[in-house]
file entry-v3.pdb (PDB, C-alpha atoms)
MODEL        1
ATOM      1  CA  MET E 233       2.698 -28.927  -4.850
ATOM      2  CA  PRO E 234       2.030 -25.145  -4.815
ATOM      3  CA  ARG E 235       3.682 -22.991  -2.174
ATOM      4  CA  ILE E 236       1.416 -21.913   0.678
ATOM      5  CA  ALA E 237       1.590 -18.658   2.663
ATOM      6  CA  TYR E 238      -0.134 -17.598   5.858
ATOM      7  CA  VAL E 239      -1.683 -14.134   5.549
ATOM      8  CA  ASN E 240      -3.739 -12.618   8.367
ATOM      9  CA  GLY E 241      -5.553 -15.738   9.476
ATOM     10  CA  ARG E 242      -5.664 -17.690   6.212
ATOM     11  CA  TYR E 243      -3.450 -20.225   4.473
ATOM     12  CA  VAL E 244      -3.466 -19.305   0.785
ATOM     13  CA  ARG E 245      -1.553 -20.138  -2.369
ATOM     14  CA  HIS E 246       1.675 -18.176  -2.423
ATOM     15  CA  SER E 247       0.847 -16.898  -5.909
ATOM     16  CA  ASN E 248      -2.474 -15.499  -4.642
ATOM     17  CA  ALA E 249      -1.234 -14.034  -1.344
ATOM     18  CA  MET E 250      -1.764 -10.305  -0.906
ATOM     19  CA  VAL E 251      -2.008  -7.509   1.641
ATOM     20  CA  HIS E 252      -4.055  -4.304   1.544
ATOM     21  CA  ILE E 253      -2.615  -1.320  -0.365
ATOM     22  CA  GLU E 254      -2.798   0.764   2.828
ATOM     23  CA  ASP E 255      -0.886  -1.712   4.936
ATOM     24  CA  ARG E 256       1.665   0.401   6.799
ATOM     25  CA  GLY E 257       4.429  -2.044   5.957
ATOM     26  CA  TYR E 258       3.850  -1.309   2.279
ATOM     27  CA  GLN E 259       3.538   2.466   2.671
ATOM     28  CA  PHE E 260       5.924   3.286   5.533
ATOM     29  CA  ALA E 261       8.112   0.178   6.042
ATOM     30  CA  ASP E 262       6.353   0.223   9.413
ATOM     31  CA  GLY E 263       7.037  -3.350  10.406
ATOM     32  CA  VAL E 264       9.561  -5.965  11.473
ATOM     33  CA  TYR E 265      10.578  -9.401  10.296
ATOM     34  CA  GLU E 266      12.479 -12.561  11.163
ATOM     35  CA  VAL E 267      14.128 -15.241   9.027
ATOM     36  CA  CYS E 268      14.884 -18.624  10.562
ATOM     37  CA  GLU E 269      16.734 -21.659   9.247
ATOM     38  CA  ILE E 270      15.175 -25.093   8.916
ATOM     39  CA  ARG E 271      17.626 -27.984   8.896
ATOM     40  CA  HIS E 272      16.820 -31.687   8.718
ATOM     41  CA  GLY E 273      13.237 -31.006   9.772
ATOM     42  CA  TYR E 274      14.147 -28.830  12.767
ATOM     43  CA  ILE E 275      13.602 -25.109  13.354
ATOM     44  CA  VAL E 276      16.953 -23.671  14.439
ATOM     45  CA  ASP E 277      17.160 -21.185  17.341
ATOM     46  CA  LEU E 278      13.428 -20.407  17.290
ATOM     47  CA  THR E 279      13.357 -19.170  20.902
ATOM     48  CA  ARG E 280      16.028 -16.560  20.242
ATOM     49  CA  HIS E 281      14.335 -15.473  17.000
ATOM     50  CA  LEU E 282      11.010 -14.958  18.778
ATOM     51  CA  ASN E 283      12.763 -13.126  21.618
ATOM     52  CA  ARG E 284      14.278 -10.746  19.079
ATOM     53  CA  LEU E 285      10.906 -10.354  17.378
ATOM     54  CA  ASP E 286       9.460  -9.377  20.750
ATOM     55  CA  ARG E 287      12.165  -6.739  21.197
ATOM     56  CA  SER E 288      11.699  -5.325  17.692
ATOM     57  CA  LEU E 289       7.932  -5.079  18.172
ATOM     58  CA  SER E 290       8.406  -3.427  21.545
ATOM     59  CA  GLU E 291      10.904  -0.869  20.219
ATOM     60  CA  LEU E 292       8.444   0.146  17.468
ATOM     61  CA  ARG E 293       5.393  -0.115  19.756
ATOM     62  CA  ILE E 294       3.671  -2.701  17.559
ATOM     63  CA  ALA E 295       1.465  -5.278  19.267
ATOM     64  CA  TRP E 296       1.968  -9.003  18.843
ATOM     65  CA  PRO E 297      -0.443 -10.249  16.152
ATOM     66  CA  MET E 298      -1.247 -13.332  18.289
ATOM     67  CA  SER E 299       0.190 -15.187  21.239
ATOM     68  CA  ARG E 300       3.688 -16.611  21.017
ATOM     69  CA  ASN E 301       2.354 -20.177  21.174
ATOM     70  CA  ALA E 302      -0.159 -19.475  18.425
ATOM     71  CA  LEU E 303       2.544 -17.952  16.219
ATOM     72  CA  THR E 304       4.715 -21.020  16.732
ATOM     73  CA  THR E 305       1.779 -23.171  15.604
ATOM     74  CA  VAL E 306       1.333 -21.036  12.472
ATOM     75  CA  ILE E 307       5.051 -21.290  11.667
ATOM     76  CA  ARG E 308       5.020 -25.073  12.011
ATOM     77  CA  GLU E 309       1.874 -25.436   9.926
ATOM     78  CA  THR E 310       3.286 -23.198   7.178
ATOM     79  CA  LEU E 311       6.431 -25.314   7.094
ATOM     80  CA  ARG E 312       4.440 -28.541   6.977
ATOM     81  CA  ARG E 313       2.196 -27.298   4.174
ATOM     82  CA  ASN E 314       5.293 -26.387   2.162
ATOM     83  CA  HIS E 315       7.063 -29.681   2.953
ATOM     84  CA  VAL E 316      10.205 -27.864   4.092
ATOM     85  CA  ARG E 317      12.922 -30.081   5.547
ATOM     86  CA  ASN E 318      15.882 -27.838   4.693
ATOM     87  CA  GLY E 319      15.193 -24.174   4.055
ATOM     88  CA  LEU E 320      13.755 -21.216   5.904
ATOM     89  CA  PHE E 321      10.661 -19.415   7.046
ATOM     90  CA  TYR E 322      10.110 -15.670   6.804
ATOM     91  CA  LEU E 323       7.638 -13.853   9.033
ATOM     92  CA  GLN E 324       6.639 -10.199   8.898
ATOM     93  CA  VAL E 325       4.537  -8.170  11.296
ATOM     94  CA  THR E 326       3.399  -4.645  10.413
ATOM     95  CA  ARG E 327       1.380  -2.046  12.293
ATOM     96  CA  GLY E 328      -1.595  -3.021  10.151
ATOM     97  CA  VAL E 329      -3.997  -1.404   7.698
ATOM     98  CA  ALA E 330      -5.138   2.177   8.209
ATOM     99  CA  ARG E 331      -5.794   5.396   6.303
ATOM    100  CA  ARG E 332      -2.431   6.761   5.174
ATOM    101  CA  ASP E 333      -1.159   9.088   7.897
ATOM    102  CA  HIS E 334       2.306   9.386   9.386
ATOM    103  CA  VAL E 335       0.990   9.133  12.946
ATOM    104  CA  PHE E 336       0.032   5.729  14.297
ATOM    105  CA  PRO E 337      -3.474   4.429  13.571
ATOM    106  CA  VAL E 338      -6.070   4.297  16.330
ATOM    107  CA  GLU E 339      -5.432   1.944  19.217
ATOM    108  CA  GLY E 340      -6.789  -1.503  18.515
ATOM    109  CA  THR E 341      -5.870  -1.556  14.830
ATOM    110  CA  PRO E 342      -4.823  -5.189  14.318
ATOM    111  CA  PRO E 343      -1.259  -5.842  13.172
ATOM    112  CA  SER E 344      -0.743  -7.678   9.889
ATOM    113  CA  LEU E 345       1.044 -11.027   9.892
ATOM    114  CA  VAL E 346       2.562 -12.875   6.941
ATOM    115  CA  VAL E 347       4.492 -16.152   7.164
ATOM    116  CA  THR E 348       6.126 -17.830   4.173
ATOM    117  CA  ALA E 349       8.435 -20.821   3.847
ATOM    118  CA  LYS E 350      10.625 -22.315   1.177
ATOM    119  CA  SER E 351      13.135 -25.078   0.662
ATOM    120  CA  THR E 352      16.754 -24.347  -0.186
ATOM    121  CA  ASP E 353      19.479 -26.470  -1.745
ATOM    122  CA  PRO E 354      22.149 -27.437   0.834
ATOM    123  CA  LYS E 355      24.608 -27.976  -2.032
ATOM    124  CA  VAL E 356      24.582 -24.240  -2.842
ATOM    125  CA  ILE E 357      25.556 -23.347   0.728
ATOM    126  CA  ALA E 358      28.166 -26.124   0.797
ATOM    127  CA  GLY E 359      29.716 -24.696  -2.366
ATOM    128  CA  LYS E 360      30.046 -21.230  -0.874
ATOM    129  CA  ASN E 361      31.594 -22.706   2.265
ATOM    130  CA  ALA E 362      34.090 -24.696   0.219
ATOM    131  CA  ASN E 363      35.138 -21.823  -2.028
ATOM    132  CA  GLY E 364      34.452 -18.743   0.074
ATOM    133  CA  ILE E 365      32.755 -15.568  -1.101
ATOM    134  CA  LYS E 366      33.795 -12.071  -2.139
ATOM    135  CA  ALA E 367      32.730  -8.828  -0.465
ATOM    136  CA  ILE E 368      33.025  -5.093  -0.945
ATOM    137  CA  THR E 369      32.987  -2.249   1.577
ATOM    138  CA  VAL E 370      30.480   0.617   1.465
ATOM    139  CA  PRO E 371      29.833   3.671   3.682
ATOM    140  CA  ASP E 372      27.018   3.120   6.163
ATOM    141  CA  ASN E 373      24.036   5.229   5.053
ATOM    142  CA  ARG E 374      21.302   3.600   7.140
ATOM    143  CA  TRP E 375      19.205   5.007   9.967
ATOM    144  CA  ASP E 376      20.638   4.807  13.473
ATOM    145  CA  ARG E 377      18.347   2.062  14.802
ATOM    146  CA  VAL E 378      19.677  -0.869  12.822
ATOM    147  CA  ASP E 379      19.451  -2.903  16.039
ATOM    148  CA  ILE E 380      15.720  -3.204  15.223
ATOM    149  CA  LYS E 381      15.014  -5.850  12.572
ATOM    150  CA  SER E 382      12.860  -3.495  10.525
ATOM    151  CA  VAL E 383      11.555  -4.125   7.015
ATOM    152  CA  GLY E 384      13.068  -0.768   5.975
ATOM    153  CA  LEU E 385      15.873  -2.367   3.956
ATOM    154  CA  LEU E 386      16.292  -0.112   0.922
ATOM    155  CA  PRO E 387      19.908   0.870   1.794
ATOM    156  CA  ASN E 388      20.706  -2.824   2.303
ATOM    157  CA  ALA E 389      19.187  -3.740  -1.055
ATOM    158  CA  MET E 390      21.170  -0.981  -2.787
ATOM    159  CA  ALA E 391      24.378  -2.184  -1.116
ATOM    160  CA  ARG E 392      23.755  -5.803  -2.129
ATOM    161  CA  GLN E 393      23.110  -4.684  -5.712
ATOM    162  CA  GLN E 394      26.387  -2.748  -5.666
ATOM    163  CA  ALA E 395      28.134  -5.894  -4.464
ATOM    164  CA  LYS E 396      26.556  -7.975  -7.212
ATOM    165  CA  GLU E 397      27.645  -5.498  -9.879
ATOM    166  CA  ALA E 398      31.195  -5.721  -8.488
ATOM    167  CA  GLY E 399      31.156  -9.532  -8.729
ATOM    168  CA  ALA E 400      30.787  -9.967  -4.957
ATOM    169  CA  GLN E 401      28.154 -11.563  -2.737
ATOM    170  CA  GLU E 402      28.084  -9.214   0.268
ATOM    171  CA  ALA E 403      28.566  -5.526   1.082
ATOM    172  CA  ILE E 404      30.198  -4.635   4.401
ATOM    173  CA  TYR E 405      29.208  -1.335   5.998
ATOM    174  CA  ILE E 406      31.947   0.980   7.279
ATOM    175  CA  ASP E 407      31.256   3.770   9.766
ATOM    176  CA  ALA E 408      32.490   7.366   9.563
ATOM    177  CA  GLU E 409      35.627   6.468  11.572
ATOM    178  CA  GLY E 410      36.629   3.731   9.142
ATOM    179  CA  MET E 411      35.543   0.913  11.446
ATOM    180  CA  VAL E 412      33.702  -2.181  10.287
ATOM    181  CA  LYS E 413      30.025  -2.420  11.253
ATOM    182  CA  GLU E 414      28.233  -5.378   9.621
ATOM    183  CA  GLY E 415      27.186  -6.771   6.282
ATOM    184  CA  ALA E 416      24.074  -5.745   4.399
ATOM    185  CA  ALA E 417      22.430  -8.936   5.664
ATOM    186  CA  THR E 418      25.080 -10.454   7.934
ATOM    187  CA  ASN E 419      27.329  -9.955  10.936
ATOM    188  CA  VAL E 420      31.082  -9.745  10.255
ATOM    189  CA  TRP E 421      33.844 -11.596  12.131
ATOM    190  CA  ILE E 422      37.609 -11.718  11.864
ATOM    191  CA  VAL E 423      40.301 -13.946  13.316
ATOM    192  CA  ASP E 424      43.099 -11.544  14.209
ATOM    193  CA  GLY E 425      46.850 -12.136  14.199
ATOM    194  CA  ASP E 426      46.740 -13.623  17.699
ATOM    195  CA  GLY E 427      44.010 -16.096  16.753
ATOM    196  CA  THR E 428      41.296 -14.183  18.599
ATOM    197  CA  LEU E 429      37.785 -14.227  17.189
ATOM    198  CA  VAL E 430      36.605 -10.611  16.939
ATOM    199  CA  THR E 431      33.231  -9.039  16.165
ATOM    200  CA  ARG E 432      31.779  -5.594  16.741
ATOM    201  CA  PRO E 433      29.723  -5.157  19.945
ATOM    202  CA  ALA E 434      25.997  -5.586  19.334
ATOM    203  CA  ASP E 435      24.932  -2.156  20.489
ATOM    204  CA  HIS E 436      22.668   0.170  18.513
ATOM    205  CA  GLY E 437      25.241   0.217  15.700
ATOM    206  CA  ILE E 438      24.546  -3.297  14.409
ATOM    207  CA  LEU E 439      21.861  -5.949  14.541
ATOM    208  CA  LYS E 440      22.339  -8.548  17.257
ATOM    209  CA  GLY E 441      22.283 -11.563  14.984
ATOM    210  CA  ILE E 442      20.858 -14.806  16.340
ATOM    211  CA  THR E 443      23.555 -16.844  14.612
ATOM    212  CA  ARG E 444      26.082 -14.388  16.041
ATOM    213  CA  THR E 445      24.787 -15.077  19.560
ATOM    214  CA  THR E 446      24.873 -18.852  19.098
ATOM    215  CA  LEU E 447      28.367 -18.586  17.630
ATOM    216  CA  ILE E 448      29.568 -16.974  20.869
ATOM    217  CA  ASP E 449      28.248 -20.064  22.692
ATOM    218  CA  ILE E 450      30.112 -22.258  20.193
ATOM    219  CA  GLY E 451      33.326 -20.295  20.693
ATOM    220  CA  ALA E 452      33.155 -20.976  24.404
ATOM    221  CA  ARG E 453      32.665 -24.699  23.724
ATOM    222  CA  LEU E 454      35.632 -24.775  21.340
ATOM    223  CA  GLY E 455      37.835 -22.818  23.746
ATOM    224  CA  LEU E 456      38.219 -19.887  21.366
ATOM    225  CA  LYS E 457      39.114 -16.464  22.677
ATOM    226  CA  ILE E 458      36.385 -14.025  21.639
ATOM    227  CA  GLU E 459      36.469 -10.228  21.795
ATOM    228  CA  GLU E 460      33.567  -7.903  21.088
ATOM    229  CA  ARG E 461      35.294  -4.743  19.924
ATOM    230  CA  LYS E 462      35.508  -2.424  16.958
ATOM    231  CA  PHE E 463      38.035  -3.189  14.246
ATOM    232  CA  SER E 464      39.184  -1.240  11.213
ATOM    233  CA  VAL E 465      39.075  -2.050   7.516
ATOM    234  CA  THR E 466      42.856  -2.368   7.584
ATOM    235  CA  GLU E 467      42.716  -4.926  10.394
ATOM    236  CA  MET E 468      40.030  -6.837   8.525
ATOM    237  CA  LEU E 469      42.068  -6.933   5.317
ATOM    238  CA  ASN E 470      45.098  -8.223   7.239
ATOM    239  CA  ALA E 471      43.198 -10.797   9.300
ATOM    240  CA  ARG E 472      43.907 -14.522   9.325
ATOM    241  CA  GLU E 473      40.258 -15.139   8.494
ATOM    242  CA  VAL E 474      37.150 -13.121   7.718
ATOM    243  CA  PHE E 475      33.684 -14.643   7.711
ATOM    244  CA  ILE E 476      30.077 -13.533   7.867
ATOM    245  CA  THR E 477      27.181 -15.080   9.767
ATOM    246  CA  ALA E 478      23.439 -15.154   9.160
ATOM    247  CA  ALA E 479      20.548 -17.477   9.973
ATOM    248  CA  THR E 480      20.233 -18.992   6.505
ATOM    249  CA  SER E 481      23.941 -19.365   5.753
ATOM    250  CA  ILE E 482      25.425 -19.919   9.235
ATOM    251  CA  CYS E 483      29.050 -19.009   8.464
ATOM    252  CA  PHE E 484      30.411 -18.049   5.043
ATOM    253  CA  PRO E 485      34.192 -17.521   4.735
ATOM    254  CA  VAL E 486      35.180 -14.319   2.928
ATOM    255  CA  VAL E 487      38.258 -14.752   0.754
ATOM    256  CA  SER E 488      38.381 -11.355  -0.983
ATOM    257  CA  ILE E 489      37.335  -7.829   0.005
ATOM    258  CA  ASP E 490      37.446  -4.902  -2.427
ATOM    259  CA  GLY E 491      39.570  -7.082  -4.693
ATOM    260  CA  GLN E 492      42.182  -7.789  -2.008
ATOM    261  CA  THR E 493      42.798 -11.417  -1.093
ATOM    262  CA  ILE E 494      42.281 -12.334   2.560
ATOM    263  CA  ALA E 495      45.128 -14.424   4.006
ATOM    264  CA  ASN E 496      45.885 -17.233   1.512
ATOM    265  CA  GLY E 497      42.634 -16.783  -0.404
ATOM    266  CA  HIS E 498      41.026 -19.948   0.951
ATOM    267  CA  PRO E 499      38.430 -20.581   3.689
ATOM    268  CA  GLY E 500      40.017 -20.792   7.134
ATOM    269  CA  SER E 501      39.982 -23.436   9.838
ATOM    270  CA  VAL E 502      38.022 -21.458  12.461
ATOM    271  CA  SER E 503      34.957 -20.944  10.302
ATOM    272  CA  HIS E 504      35.144 -24.626   9.342
ATOM    273  CA  LYS E 505      35.161 -25.725  13.005
ATOM    274  CA  ILE E 506      32.209 -23.459  13.764
ATOM    275  CA  ARG E 507      30.123 -24.937  10.959
ATOM    276  CA  GLU E 508      30.954 -28.457  12.088
ATOM    277  CA  VAL E 509      29.504 -27.982  15.576
ATOM    278  CA  PHE E 510      26.871 -25.296  14.989
ATOM    279  CA  PHE E 511      23.894 -27.600  14.615
ATOM    280  CA  ASP E 512      24.878 -29.550  17.737
ATOM    281  CA  VAL E 513      24.923 -26.399  19.870
ATOM    282  CA  ALA E 514      21.964 -24.474  18.404
ATOM    283  CA  GLU E 515      18.440 -24.985  19.711
ATOM    284  CA  LYS E 516      16.457 -27.413  17.551
ATOM    285  CA  ILE E 517      12.649 -27.639  17.602
ATOM    286  CA  ALA E 518      10.975 -30.319  15.518
ATOM    287  CA  ILE E 519       8.463 -29.161  12.928
TER     288      ILE E 519
ENDMDL
END
call {"tool": "encode", "arguments": {"input": "entry-v3.pdb", "output": "structure tokens"}}
result
Amino acid sequence: MPRIAYVNGRYVRHSNAMVHIEDRGYQFADGVYEVCEIRHGYIVDLTRHLNRLDRSLSELRIAWPMSRNALTTVIRETLRRNHVRNGLFYLQVTRGVARRDHVFPVEGTPPSLVVTAKSTDPKVIAGKNANGIKAITVPDNRWDRVDIKSVGLLPNAMARQQAKEAGAQEAIYIDAEGMVKEGAATNVWIVDGDGTLVTRPADHGILKGITRTTLIDIGARLGLKIEERKFSVTEMLNAREVFITAATSICFPVVSIDGQTIANGHPGSVSHKIREVFFDVAEKIAI
């Protein structure tokens, strides 16, 4: 069956989907997006994803393309048409189509909405969890408002490419003070020498990941001590465990950073426990 995409009111073949050449997302990266996991026929943490979408749209002063209920219906229908049981959906909202001008288009210009969906292979994720992944560190060269889930991801793409060329799977941003920020597409966690789970506060310096938020709920359930504080590269390299979180991967253990082995070079017990209970704690909405 061909893949199907939703584009501005129509369900079309993915191979034929297109937006106007003067869409502001294409010309200015003037838009936001969300990616959400689908597991066993359930949408995971949809409420929190739509809440974050609402915040991103508000921060950039972009109108909702339709009501929240209508968008949920479109997401479900896109998933059904693509027969996704395990995978993800991607949605993108831009300020719409208008004559190219840096200032916003006239009031009433309709936003553009695209929703796509695809299946993923759970065995690939299981393999990364079993073996762990490698990461590199890079200086943070992004704009200050990375708390907005904007489609302006060129620095992130460049960092991921740098990681790939170094034989790694993620790039971890470091601020000017030598403190860890987040991954190019993930949040970063460590388990420190006292067994405390540590992640950077979700202020304007990092994106407040949905999986990150749910993981804090899981930590409380498991009785883990959690601290939201800054930590250095040195502390990260000497941690008991390092792992990264994202909606489509949940929790990947990191076993090497910049060529240095983390702990014993194998995935740790804390990230394993989190993965075991994540789906039980996260919100699940049937497709």
call {"tool": "closest_residue", "arguments": {"input": "entry-v3.pdb", "among": "E:Asp407, E:Lys457, E:Phe260, E:Arg235", "to": "Leu386 in chain E", "atoms": "only C-alpha atoms"}}
result
E:Phe260
call {"tool": "resolve_selection", "arguments": {"input": "entry-v3.pdb", "expression": "the PyMOL selection byres ((chain E and resi 459-474) around 8)", "output": "ChimeraX atom specification"}}
result
/E:406,410-413,420-425,427-433,457-458,475-476,485-487,489,492-495,499-500,502
call {"tool": "resolve_selection", "arguments": {"input": "entry-v3.pdb", "expression": "the PyMOL selection byres ((chain E and resi 415) around 10)", "output": "VMD selection string"}}
result
chain E and resid 367 to 370 372 388 391 to 392 402 to 406 412 to 414 416 to 420 438 to 439 476 to 478
call {"tool": "write_last_selection", "arguments": {"input": "entry-v3.pdb", "atoms": "C-alpha atoms", "output": "CSV table (one decimal), in the coordinates of the input"}}
result
chain,number,residue,atom,x,y,z
E,367,ALA,CA,32.7,-8.8,-0.5
E,368,ILE,CA,33.0,-5.1,-0.9
E,369,THR,CA,33.0,-2.2,1.6
E,370,VAL,CA,30.5,0.6,1.5
E,372,ASP,CA,27.0,3.1,6.2
E,388,ASN,CA,20.7,-2.8,2.3
E,391,ALA,CA,24.4,-2.2,-1.1
E,392,ARG,CA,23.8,-5.8,-2.1
E,402,GLU,CA,28.1,-9.2,0.3
E,403,ALA,CA,28.6,-5.5,1.1
E,404,ILE,CA,30.2,-4.6,4.4
E,405,TYR,CA,29.2,-1.3,6.0
E,406,ILE,CA,31.9,1.0,7.3
E,412,VAL,CA,33.7,-2.2,10.3
E,413,LYS,CA,30.0,-2.4,11.3
E,414,GLU,CA,28.2,-5.4,9.6
E,416,ALA,CA,24.1,-5.7,4.4
E,417,ALA,CA,22.4,-8.9,5.7
E,418,THR,CA,25.1,-10.5,7.9
E,419,ASN,CA,27.3,-10.0,10.9
E,420,VAL,CA,31.1,-9.7,10.3
E,438,ILE,CA,24.5,-3.3,14.4
E,439,LEU,CA,21.9,-5.9,14.5
E,476,ILE,CA,30.1,-13.5,7.9
E,477,THR,CA,27.2,-15.1,9.8
E,478,ALA,CA,23.4,-15.2,9.2
call {"tool": "closest_residue", "arguments": {"input": "entry-v3.pdb", "among": "E:Ala452, E:Ala358, E:Val329, E:Val347", "to": "Glu266 in chain E", "atoms": "all atoms listed in the file"}}
result
E:Val347
call {"tool": "atom_distance", "arguments": {"input": "entry-v3.pdb", "atom1": "CA of Arg293 in chain E", "atom2": "CA of Val306 in chain E"}}
result
22.5 Å
call {"tool": "closest_residue", "arguments": {"input": "entry-v3.pdb", "among": "E:Thr480, E:Asn318, E:Thr279, E:Thr348", "to": "Ser247 in chain E", "atoms": "all atoms listed in the file"}}
result
E:Thr348
call {"tool": "resolve_selection", "arguments": {"input": "entry-v3.pdb", "expression": "the PyMOL selection byres ((chain E and resi 272-276) around 7)", "output": "list of chain:residue names"}}
result
E:Cys268, E:Glu269, E:Ile270, E:Arg271, E:Asp277, E:Leu278, E:Arg317, E:Asn318, E:Ala514, E:Glu515, E:Lys516, E:Ile517, E:Ala518, E:Ile519
call {"tool": "write_last_selection", "arguments": {"input": "entry-v3.pdb", "atoms": "C-alpha atoms", "output": "tab-separated table (two decimals), keeping the file's coordinate frame"}}
result
chain	number	residue	atom	x	y	z
E	268	CYS	CA	14.88	-18.62	10.56
E	269	GLU	CA	16.73	-21.66	9.25
E	270	ILE	CA	15.18	-25.09	8.92
E	271	ARG	CA	17.63	-27.98	8.90
E	277	ASP	CA	17.16	-21.18	17.34
E	278	LEU	CA	13.43	-20.41	17.29
E	317	ARG	CA	12.92	-30.08	5.55
E	318	ASN	CA	15.88	-27.84	4.69
E	514	ALA	CA	21.96	-24.47	18.40
E	515	GLU	CA	18.44	-24.98	19.71
E	516	LYS	CA	16.46	-27.41	17.55
E	517	ILE	CA	12.65	-27.64	17.60
E	518	ALA	CA	10.98	-30.32	15.52
E	519	ILE	CA	8.46	-29.16	12.93
call {"tool": "atom_distance", "arguments": {"input": "entry-v3.pdb", "atom1": "CA of Ile506 in chain E", "atom2": "CA of Cys483 in chain E"}}
result
7.6 Å
call {"tool": "atom_distance", "arguments": {"input": "entry-v3.pdb", "atom1": "CA of Arg312 in chain E", "atom2": "CA of His246 in chain E"}}
result
14.3 Å
call {"tool": "closest_residue", "arguments": {"input": "entry-v3.pdb", "among": "E:Arg280, E:His334, E:Arg453, E:Arg313", "to": "Gln259 in chain E", "atoms": "only C-alpha atoms"}}
result
E:His334
call {"tool": "closest_residue", "arguments": {"input": "entry-v3.pdb", "among": "E:Trp375, E:Tyr238, E:Tyr322, E:Phe336", "to": "Ala479 in chain E", "atoms": "all atoms listed in the file"}}
result
E:Tyr322
call {"tool": "closest_residue", "arguments": {"input": "entry-v3.pdb", "among": "E:Val267, E:Leu292, E:Ala349, E:Leu320", "to": "Pro234 in chain E", "atoms": "all atoms listed in the file"}}
result
E:Ala349
call {"tool": "decode", "arguments": {"input": "entry-v3.pdb", "residues": "range 332-344 of chain E", "atoms": "N, CA, C and O atoms", "output": "PDB file, in the first residue's frame"}}
result
ATOM      1  N   ARG E 332       6.903  36.572  -0.485  1.00  0.00           N
ATOM      2  CA  ARG E 332       8.088  36.535   0.360  1.00  0.00           C
ATOM      3  C   ARG E 332       8.392  37.911   0.933  1.00  0.00           C
ATOM      4  O   ARG E 332       8.682  38.867   0.207  1.00  0.00           O
ATOM      5  N   ASP E 333       8.333  38.007   2.249  1.00  0.00           N
ATOM      6  CA  ASP E 333       8.604  39.237   2.984  1.00  0.00           C
ATOM      7  C   ASP E 333       8.936  38.820   4.409  1.00  0.00           C
ATOM      8  O   ASP E 333       8.283  37.935   4.976  1.00  0.00           O
ATOM      9  N   HIS E 334       9.940  39.432   4.998  1.00  0.00           N
ATOM     10  CA  HIS E 334      10.334  39.034   6.342  1.00  0.00           C
ATOM     11  C   HIS E 334       9.229  39.290   7.367  1.00  0.00           C
ATOM     12  O   HIS E 334       9.108  38.523   8.331  1.00  0.00           O
ATOM     13  N   VAL E 335       8.450  40.334   7.208  1.00  0.00           N
ATOM     14  CA  VAL E 335       7.374  40.585   8.158  1.00  0.00           C
ATOM     15  C   VAL E 335       6.263  39.571   7.951  1.00  0.00           C
ATOM     16  O   VAL E 335       6.147  38.944   6.893  1.00  0.00           O
ATOM     17  N   PHE E 336       5.423  39.415   8.969  1.00  0.00           N
ATOM     18  CA  PHE E 336       4.352  38.428   8.893  1.00  0.00           C
ATOM     19  C   PHE E 336       3.368  38.782   7.779  1.00  0.00           C
ATOM     20  O   PHE E 336       3.169  39.959   7.463  1.00  0.00           O
ATOM     21  N   PRO E 337       2.739  37.780   7.178  1.00  0.00           N
ATOM     22  CA  PRO E 337       1.701  38.064   6.182  1.00  0.00           C
ATOM     23  C   PRO E 337       0.472  38.683   6.841  1.00  0.00           C
ATOM     24  O   PRO E 337       0.374  38.752   8.074  1.00  0.00           O
ATOM     25  N   VAL E 338      -0.461  39.126   6.025  1.00  0.00           N
ATOM     26  CA  VAL E 338      -1.652  39.796   6.546  1.00  0.00           C
ATOM     27  C   VAL E 338      -2.415  38.862   7.464  1.00  0.00           C
ATOM     28  O   VAL E 338      -2.411  37.634   7.302  1.00  0.00           O
ATOM     29  N   GLU E 339      -3.089  39.448   8.436  1.00  0.00           N
ATOM     30  CA  GLU E 339      -3.900  38.670   9.367  1.00  0.00           C
ATOM     31  C   GLU E 339      -4.959  37.887   8.592  1.00  0.00           C
ATOM     32  O   GLU E 339      -5.555  38.386   7.649  1.00  0.00           O
ATOM     33  N   GLY E 340      -5.151  36.653   9.000  1.00  0.00           N
ATOM     34  CA  GLY E 340      -6.106  35.799   8.312  1.00  0.00           C
ATOM     35  C   GLY E 340      -5.490  34.850   7.316  1.00  0.00           C
ATOM     36  O   GLY E 340      -6.180  33.972   6.777  1.00  0.00           O
ATOM     37  N   THR E 341      -4.180  35.009   7.045  1.00  0.00           N
ATOM     38  CA  THR E 341      -3.499  34.051   6.174  1.00  0.00           C
ATOM     39  C   THR E 341      -3.526  32.675   6.841  1.00  0.00           C
ATOM     40  O   THR E 341      -3.044  32.525   7.969  1.00  0.00           O
ATOM     41  N   PRO E 342      -4.092  31.669   6.188  1.00  0.00           N
ATOM     42  CA  PRO E 342      -4.235  30.371   6.861  1.00  0.00           C
ATOM     43  C   PRO E 342      -2.903  29.670   7.054  1.00  0.00           C
ATOM     44  O   PRO E 342      -2.066  29.663   6.140  1.00  0.00           O
ATOM     45  N   PRO E 343      -2.672  29.086   8.222  1.00  0.00           N
ATOM     46  CA  PRO E 343      -1.464  28.290   8.418  1.00  0.00           C
ATOM     47  C   PRO E 343      -1.482  27.060   7.520  1.00  0.00           C
ATOM     48  O   PRO E 343      -2.546  26.615   7.075  1.00  0.00           O
ATOM     49  N   SER E 344      -0.316  26.521   7.242  1.00  0.00           N
ATOM     50  CA  SER E 344      -0.206  25.263   6.502  1.00  0.00           C
ATOM     51  C   SER E 344      -0.031  24.116   7.488  1.00  0.00           C
ATOM     52  O   SER E 344       0.666  24.252   8.496  1.00  0.00           O
TER      53      SER E 344
END
